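*Asks:* Below you'll find entry24.cif; it's mmCIF, C-alpha atoms and all ligand atoms.
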```cif
data_data
#
loop_
_atom_site.label_atom_id
_atom_site.label_comp_id
_atom_site.auth_asym_id
_atom_site.auth_seq_id
_atom_site.Cartn_x
_atom_site.Cartn_y
_atom_site.Cartn_z
CA MET A 1 2.12 58.03 189.45
CA SER A 2 4.92 55.61 190.17
CA GLN A 3 4.19 52.91 192.70
CA TYR A 4 6.55 50.62 194.56
CA PRO A 5 7.60 48.12 193.64
CA PHE A 6 7.69 49.45 190.07
CA ARG A 7 5.36 47.93 187.51
CA LYS A 8 6.86 45.63 184.88
CA GLU A 9 6.57 48.28 182.16
CA GLU A 10 8.36 50.85 184.33
CA LEU A 11 11.24 48.45 184.99
CA GLU A 12 11.52 47.93 181.24
CA ARG A 13 11.31 51.66 180.52
CA TYR A 14 14.06 52.52 183.02
CA SER A 15 16.15 49.37 182.50
CA ARG A 16 19.26 51.15 181.15
CA GLN A 17 19.36 53.57 184.08
CA ILE A 18 18.73 50.76 186.55
CA LEU A 19 21.85 49.06 185.18
CA LEU A 20 23.82 52.07 186.40
CA TYR A 21 22.07 53.08 189.64
CA GLY A 22 19.95 50.06 190.59
CA ARG A 23 16.28 50.13 191.64
CA ALA A 24 17.25 52.27 194.62
CA GLY A 25 18.47 54.98 192.24
CA GLN A 26 15.31 54.74 190.15
CA GLU A 27 13.19 55.03 193.30
CA ARG A 28 15.16 58.11 194.27
CA LEU A 29 14.13 59.70 190.95
CA ALA A 30 10.52 58.54 191.32
CA ARG A 31 10.26 60.14 194.76
CA ALA A 32 11.78 63.46 193.57
CA HIS A 33 9.93 66.67 192.85
CA VAL A 34 11.71 68.92 190.35
CA ALA A 35 10.30 72.42 189.86
CA VAL A 36 11.12 73.94 186.48
CA ILE A 37 11.03 77.70 186.04
CA GLY A 38 10.74 78.47 182.32
CA ALA A 39 9.52 76.21 179.51
CA GLY A 40 11.26 77.97 176.62
CA GLY A 41 14.36 76.91 174.68
CA LEU A 42 16.24 75.53 177.70
CA GLY A 43 13.13 73.96 179.24
CA SER A 44 12.22 72.30 175.93
CA ALA A 45 15.36 70.17 176.25
CA PHE A 46 15.40 69.89 180.03
CA LEU A 47 11.78 68.82 180.59
CA PRO A 48 11.53 65.73 178.31
CA ILE A 49 14.80 64.38 179.71
CA LEU A 50 13.53 64.71 183.29
CA ALA A 51 10.24 63.03 182.34
CA ALA A 52 11.92 60.22 180.41
CA SER A 53 14.32 59.66 183.33
CA GLY A 54 11.33 58.98 185.60
CA VAL A 55 11.38 61.99 187.93
CA GLY A 56 8.13 61.33 189.83
CA LYS A 57 6.80 64.88 190.09
CA ILE A 58 7.58 67.78 187.78
CA SER A 59 6.04 71.21 188.23
CA ILE A 60 6.34 73.71 185.40
CA TRP A 61 6.16 77.50 185.77
CA ASP A 62 5.77 79.62 182.64
CA GLY A 63 3.33 82.43 181.95
CA ASP A 64 4.06 82.72 178.22
CA THR A 65 2.11 81.52 175.23
CA VAL A 66 3.71 79.91 172.17
CA GLU A 67 4.84 82.32 169.46
CA ARG A 68 5.65 81.21 165.94
CA SER A 69 9.23 82.49 166.39
CA ASN A 70 9.63 79.98 169.29
CA LEU A 71 9.07 76.96 167.07
CA GLY A 72 12.61 77.05 165.62
CA ARG A 73 14.15 76.01 168.94
CA GLN A 74 11.36 75.10 171.40
CA PHE A 75 10.68 71.57 170.26
CA LEU A 76 7.97 70.86 172.84
CA TYR A 77 5.47 72.92 170.83
CA LEU A 78 3.71 72.30 167.53
CA GLU A 79 2.68 74.55 164.65
CA ASN A 80 -0.99 74.36 165.57
CA GLU A 81 -0.30 75.38 169.19
CA VAL A 82 0.74 79.00 168.52
CA GLY A 83 -1.08 81.24 171.01
CA LEU A 84 -1.63 78.51 173.63
CA GLN A 85 -0.13 78.39 177.14
CA LYS A 86 3.35 76.84 177.21
CA ALA A 87 3.07 75.40 180.73
CA GLU A 88 -0.15 73.52 179.89
CA LEU A 89 1.21 72.22 176.58
CA ALA A 90 4.52 71.16 178.11
CA ALA A 91 2.67 69.27 180.87
CA GLN A 92 0.47 67.47 178.31
CA ARG A 93 3.52 66.48 176.29
CA LEU A 94 5.39 65.12 179.33
CA ARG A 95 2.35 63.11 180.46
CA ALA A 96 2.18 61.55 176.99
CA LEU A 97 5.91 60.88 177.09
CA ASN A 98 5.74 59.16 180.47
CA PRO A 99 2.32 58.31 181.99
CA HIS A 100 3.97 57.04 185.19
CA ILE A 101 4.88 60.53 186.44
CA HIS A 102 2.87 63.41 187.89
CA VAL A 103 3.15 66.75 186.04
CA ILE A 104 1.69 70.04 187.27
CA ALA A 105 1.36 73.14 185.08
CA HIS A 106 1.45 76.67 186.51
CA ALA A 107 0.60 79.00 183.63
CA GLU A 108 2.16 82.02 185.30
CA HIS A 109 5.61 83.46 185.85
CA PHE A 110 7.29 82.45 189.09
CA THR A 111 7.52 85.30 191.63
CA ALA A 112 8.49 85.63 195.31
CA ALA A 113 4.80 85.10 196.19
CA GLN A 114 5.14 81.44 195.14
CA ALA A 115 8.24 80.71 197.25
CA GLU A 116 6.31 78.38 199.57
CA SER A 117 5.45 76.07 196.66
CA LEU A 118 9.12 75.06 196.51
CA ARG A 119 9.17 73.78 200.10
CA ASP A 120 8.84 70.16 198.96
CA ALA A 121 11.07 70.53 195.87
CA THR A 122 13.98 68.09 195.74
CA LEU A 123 15.67 70.27 193.11
CA VAL A 124 14.81 73.39 191.11
CA PHE A 125 15.82 74.27 187.55
CA GLU A 126 15.84 77.94 186.52
CA GLY A 127 15.85 78.26 182.74
CA SER A 128 13.80 81.42 182.17
CA ASP A 129 15.15 84.46 180.32
CA SER A 130 14.81 86.75 183.35
CA LEU A 131 17.94 87.62 185.32
CA ASN A 132 15.78 88.87 188.19
CA THR A 133 14.12 85.44 188.42
CA LYS A 134 17.53 83.75 188.49
CA PHE A 135 18.58 85.93 191.45
CA LEU A 136 15.24 85.30 193.17
CA LEU A 137 15.70 81.52 192.86
CA ASN A 138 19.34 81.81 193.96
CA ASP A 139 18.29 83.59 197.15
CA LEU A 140 15.48 81.09 197.82
CA ALA A 141 17.91 78.19 197.31
CA LEU A 142 20.27 79.67 199.92
CA LYS A 143 17.37 80.22 202.33
CA GLN A 144 15.45 76.97 201.80
CA GLY A 145 18.44 74.74 201.01
CA PHE A 146 17.21 73.04 197.83
CA PRO A 147 19.80 72.30 195.11
CA LEU A 148 19.40 74.72 192.21
CA VAL A 149 20.49 74.40 188.59
CA ILE A 150 20.53 77.73 186.73
CA SER A 151 21.09 77.93 182.98
CA ALA A 152 21.25 80.84 180.58
CA VAL A 153 21.98 81.02 176.89
CA GLY A 154 22.74 83.76 174.37
CA ASN A 155 23.83 83.56 170.78
CA ALA A 156 27.56 83.16 171.56
CA GLN A 157 27.73 81.85 175.11
CA GLY A 158 25.73 79.93 177.67
CA HIS A 159 26.27 78.60 181.16
CA THR A 160 24.91 76.17 183.72
CA MET A 161 25.54 76.50 187.44
CA LEU A 162 24.73 73.99 190.17
CA ILE A 163 24.25 75.65 193.57
CA CYS A 164 23.99 73.47 196.67
CA GLY A 165 22.86 75.63 199.58
CA GLN A 166 25.45 77.52 201.59
CA GLN A 167 28.23 75.02 200.84
CA THR A 168 28.97 76.19 197.30
CA PRO A 169 29.41 79.53 195.52
CA CYS A 170 26.10 81.08 194.47
CA TYR A 171 24.91 82.92 191.37
CA ARG A 172 25.58 86.30 193.02
CA CYS A 173 29.24 85.32 193.52
CA LEU A 174 29.60 85.51 189.71
CA PHE A 175 26.98 87.85 188.35
CA GLU A 176 25.86 91.35 189.23
CA PRO A 177 22.25 92.41 188.77
CA ILE A 178 21.94 94.50 185.62
CA ASP A 179 19.00 96.14 183.92
CA GLU A 180 16.89 93.40 182.28
CA ASN A 181 16.82 95.56 179.14
CA GLU A 182 20.61 95.22 178.79
CA ILE A 183 20.51 91.42 178.59
CA PRO A 184 21.04 90.10 175.04
CA ARG A 185 17.79 88.57 173.75
CA CYS A 186 17.19 85.85 171.17
CA ALA A 187 14.62 88.21 169.63
CA THR A 188 17.27 90.80 168.80
CA GLU A 189 20.59 88.87 168.78
CA GLY A 190 19.41 85.66 167.09
CA ILE A 191 20.23 82.08 168.11
CA LEU A 192 20.79 78.73 166.40
CA SER A 193 18.30 75.96 167.26
CA ALA A 194 20.75 73.49 168.74
CA PHE A 195 22.41 75.84 171.24
CA PRO A 196 19.67 76.08 173.90
CA ALA A 197 18.97 72.36 173.41
CA PHE A 198 22.69 71.62 174.02
CA VAL A 199 22.77 73.72 177.22
CA GLY A 200 19.33 72.50 178.42
CA ALA A 201 20.27 68.85 177.92
CA GLN A 202 23.51 69.29 179.86
CA ALA A 203 21.55 71.00 182.66
CA ALA A 204 19.19 68.00 182.74
CA HIS A 205 22.18 65.67 183.00
CA VAL A 206 23.53 67.71 185.94
CA ALA A 207 20.09 67.70 187.62
CA VAL A 208 19.51 63.95 187.24
CA ARG A 209 23.03 63.21 188.47
CA LYS A 210 22.46 65.46 191.50
CA LEU A 211 19.23 63.56 192.29
CA LEU A 212 21.04 60.23 191.98
CA GLU A 213 24.21 61.36 193.75
CA PRO A 214 23.19 63.83 196.48
CA GLU A 215 26.84 64.21 197.53
CA LEU A 216 27.64 65.86 194.18
CA SER A 217 28.87 69.38 194.89
CA GLY A 218 28.27 72.56 192.90
CA GLY A 219 29.84 73.50 189.61
CA LEU A 220 29.89 75.91 186.70
CA TRP A 221 29.92 74.96 183.03
CA ILE A 222 30.55 77.50 180.28
CA PHE A 223 29.39 76.87 176.70
CA GLU A 224 30.98 78.59 173.75
CA LYS A 225 29.55 77.70 170.35
CA SER A 226 30.12 73.95 170.12
CA HIS A 227 32.13 73.16 173.24
CA CYS A 228 31.63 73.13 176.97
CA ARG A 229 34.18 73.54 179.76
CA SER A 230 33.91 73.11 183.48
CA VAL A 231 35.19 76.09 185.47
CA SER A 232 36.08 76.13 189.14
CA VAL A 233 34.63 79.03 191.10
CA LYS A 234 35.09 80.35 194.63
CA LYS A 235 32.77 82.20 196.94
CA ARG A 236 33.05 85.97 196.56
CA HIS A 237 33.95 87.90 199.72
CA GLY A 238 30.96 89.78 201.02
CA CYS A 239 28.45 87.80 198.94
CA ILE A 240 25.18 86.86 200.68
CA CYS A 241 26.29 83.20 200.64
CA SER A 242 29.53 83.94 202.52
CA ASP A 243 30.22 83.98 206.25
CA ASP A 244 31.60 87.51 205.84
CA ALA A 245 28.39 88.83 204.25
CA PRO A 246 27.38 92.27 205.58
CA GLN A 247 24.56 91.91 208.11
ZN ZN A 301 27.50 83.98 196.62
#
```
I need this file expressed as structure tokens, please.
*Replies:*
Amino acid sequence: MSQYPFRKEELERYSRQILLYGRAGQERLARAHVAVIGAGGLGSAFLPILAASGVGKISIWDGDTVERSNLGRQFLYLENEVGLQKAELAAQRLRALNPHIHVIAHAEHFTAAQAESLRDATLVFEGSDSLNTKFLLNDLALKQGFPLVISAVGNAQGHTMLICGQQTPCYRCLFEPIDENEIPRCATEGILSAFPAFVGAQAAHVAVRKLLEPELSGGLWIFEKSHCRSVSVKKRHGCICSDDAPQ
């Protein structure tokens, strides 16, 4: 765990970030708890960046085990780890990457029953492949007030959204719940290795910036093949995040 003042090796490790945000910024990261829902393709890019940046506590929620078909894009896992729990493996890898941080593995899918575990979260990242989980986290973020970064990726398009409590549009302002079976899946649609890494890395950049600059407001980024654009969004009338929401 990080201690204050930082040890010499930590100052060296984080020296390039400290040039930008000072020791106060680095301490802000060290004191943060980021909960990560999903350690698949998006999480494989997101998690190492958070660990390398020096986020002091990272909790990982994923109930899946590694499948051989994951290895083409989920770079956290090795050939000889097929069949093992992703959350445990991801936590081991992050601890090896940065021994100065605290990493907790939850080898289960996040459900409403675990909502209380996010009470001390500074920020949450939702990068699972379940739309229902994204809506669940959206609603918890509105209720509990933590900043939430949601990412999703398909073969042709991906997106990242930063939601900051009631002040910004929420995920339900943009997306309607649909049957989980209608969502395009990597298993049937296919995906190139770099695409989830590209979206996951950008989500990590948004998350770290939000931790360093709490005043940063929400946003939406759309990814199409090899480019990304920022899109401005407004609250939808009648949405649960709006003042005119039906009671
Ligand atoms: Zn909304």
*Asks:* Could you list, as a list in words, all the residues within 8 Å of ligand ZN 301 (chain A), counting all atoms listed in the file?
*Replies:* Thr168, Pro169, Cys170, Tyr171, Arg172, Cys173, Leu174, Lys235, Arg236, Cys239, Ile240, Cys241 and Ser242 of chain A
*Asks:* Could you give me, as a short mmCIF file (atom, residue, chain, number, x, y, z; two decimals) with C-alpha atoms, in the frame of the given file, the residues within 7 Å of region 225-231 of chain A, counting all atoms listed in the file and dropping anything in the same chain fewer than 3 positions from it?
*Replies:*
```cif
data_model
loop_
_atom_site.label_atom_id
_atom_site.label_comp_id
_atom_site.auth_asym_id
_atom_site.auth_seq_id
_atom_site.Cartn_x
_atom_site.Cartn_y
_atom_site.Cartn_z
CA ALA A 156 27.56 83.16 171.56
CA GLN A 157 27.73 81.85 175.11
CA LEU A 220 29.89 75.91 186.70
CA TRP A 221 29.92 74.96 183.03
CA ILE A 222 30.55 77.50 180.28
#
```
*Asks:* Using only C-alpha atoms, which residue out of A:Ser117, A:Ser53, A:Asn80, A:Gln166 lies closest to Val36 (chain A)?
*Replies:*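 Among the listed residues, the smallest separation from Val36 (chain A) belongs to A:Ser117.
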*Asks:* Identify, on the basis of all atoms listed in the file, every residue whose closest approach to Ile37 (chain A) does not exceed 8 Å; exclude the query and any residue fewer than 6 positions from it along the same chain; express the result as a PDB file with C-alpha atoms, in the frame of the given file.
*Replies:*
```
ATOM      1  CA  ILE A  60       6.340  73.710 185.400  1.00  0.00           C
ATOM      2  CA  TRP A  61       6.160  77.500 185.770  1.00  0.00           C
ATOM      3  CA  ASP A  62       5.770  79.620 182.640  1.00  0.00           C
ATOM      4  CA  HIS A 109       5.610  83.460 185.850  1.00  0.00           C
ATOM      5  CA  PHE A 110       7.290  82.450 189.090  1.00  0.00           C
ATOM      6  CA  VAL A 124      14.810  73.390 191.110  1.00  0.00           C
ATOM      7  CA  PHE A 125      15.820  74.270 187.550  1.00  0.00           C
ATOM      8  CA  GLU A 126      15.840  77.940 186.520  1.00  0.00           C
ATOM      9  CA  GLY A 127      15.850  78.260 182.740  1.00  0.00           C
ATOM     10  CA  SER A 128      13.800  81.420 182.170  1.00  0.00           C
TER      11      SER A 128
END
```
*Asks:* Give me, as an MDAnalysis selection string, all polymer residues having an atom no more than 12 Å from region 85-95 of chain A, counting all atoms listed in the file and skipping those fewer than 2 positions away in the same chain.
*Replies:* chainID A and resid 1 36:41 43:67 70:71 74:78 80:83 97:110
*Asks:* Output as lines of an AutoDock Vina configuration file the centre and edge lengths (Å, one decimal) of the box along x, y and z of the file that holds every listed atom of region 214-224 of chain A after adding 6 Å on each side.
*Replies:*
```
center_x = 27.1
center_y = 71.2
center_z = 185.6
size_x = 19.8
size_y = 26.8
size_z = 35.8
```
*Asks:* Within 10 Å of Glu180 (chain A), counting all atoms listed in the file, which residues show up once you throw out same-chain ones fewer than 2 positions away? Write them as a list in words, please.
*Replies:*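 Using all atoms listed in the file, the neighbours found are Asp129, Ser130, Leu131, Asn132, Pro177, Ile178, Glu182, Ile183, Pro184 and Arg185 of chain A.
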*Asks:* Any chance you could model N, CA and C atoms for region 55-67 of chain A and send them as a short mmCIF file (atom, residue, chain, number, x, y, z; two decimals), in the coordinates of the input?
*Replies:*
```
data_model
loop_
_atom_site.label_atom_id
_atom_site.label_comp_id
_atom_site.auth_asym_id
_atom_site.auth_seq_id
_atom_site.Cartn_x
_atom_site.Cartn_y
_atom_site.Cartn_z
N VAL A 55 11.56 61.11 186.76
CA VAL A 55 11.38 61.99 187.93
C VAL A 55 9.88 62.01 188.26
N GLY A 56 9.53 61.62 189.48
CA GLY A 56 8.13 61.33 189.83
C GLY A 56 7.18 62.49 189.79
N LYS A 57 7.68 63.70 190.10
CA LYS A 57 6.80 64.88 190.09
C LYS A 57 7.56 66.04 189.46
N ILE A 58 6.97 66.63 188.46
CA ILE A 58 7.58 67.78 187.78
C ILE A 58 6.55 68.90 187.79
N SER A 59 6.94 70.06 188.33
CA SER A 59 6.04 71.21 188.23
C SER A 59 6.67 72.25 187.32
N ILE A 60 5.84 72.82 186.46
CA ILE A 60 6.34 73.71 185.40
C ILE A 60 5.73 75.10 185.60
N TRP A 61 6.61 76.11 185.64
CA TRP A 61 6.16 77.50 185.77
C TRP A 61 6.51 78.26 184.50
N ASP A 62 5.52 78.75 183.79
CA ASP A 62 5.77 79.62 182.64
C ASP A 62 4.48 80.34 182.31
N GLY A 63 4.54 81.65 182.23
CA GLY A 63 3.33 82.43 181.95
C GLY A 63 3.17 82.78 180.48
N ASP A 64 4.10 82.33 179.63
CA ASP A 64 4.06 82.72 178.22
C ASP A 64 3.17 81.80 177.39
N THR A 65 2.78 82.34 176.23
CA THR A 65 2.11 81.52 175.23
C THR A 65 3.09 81.28 174.08
N VAL A 66 2.81 80.26 173.28
CA VAL A 66 3.71 79.91 172.17
C VAL A 66 3.61 80.95 171.06
N GLU A 67 4.79 81.43 170.62
CA GLU A 67 4.84 82.32 169.46
C GLU A 67 5.47 81.56 168.31
#
```
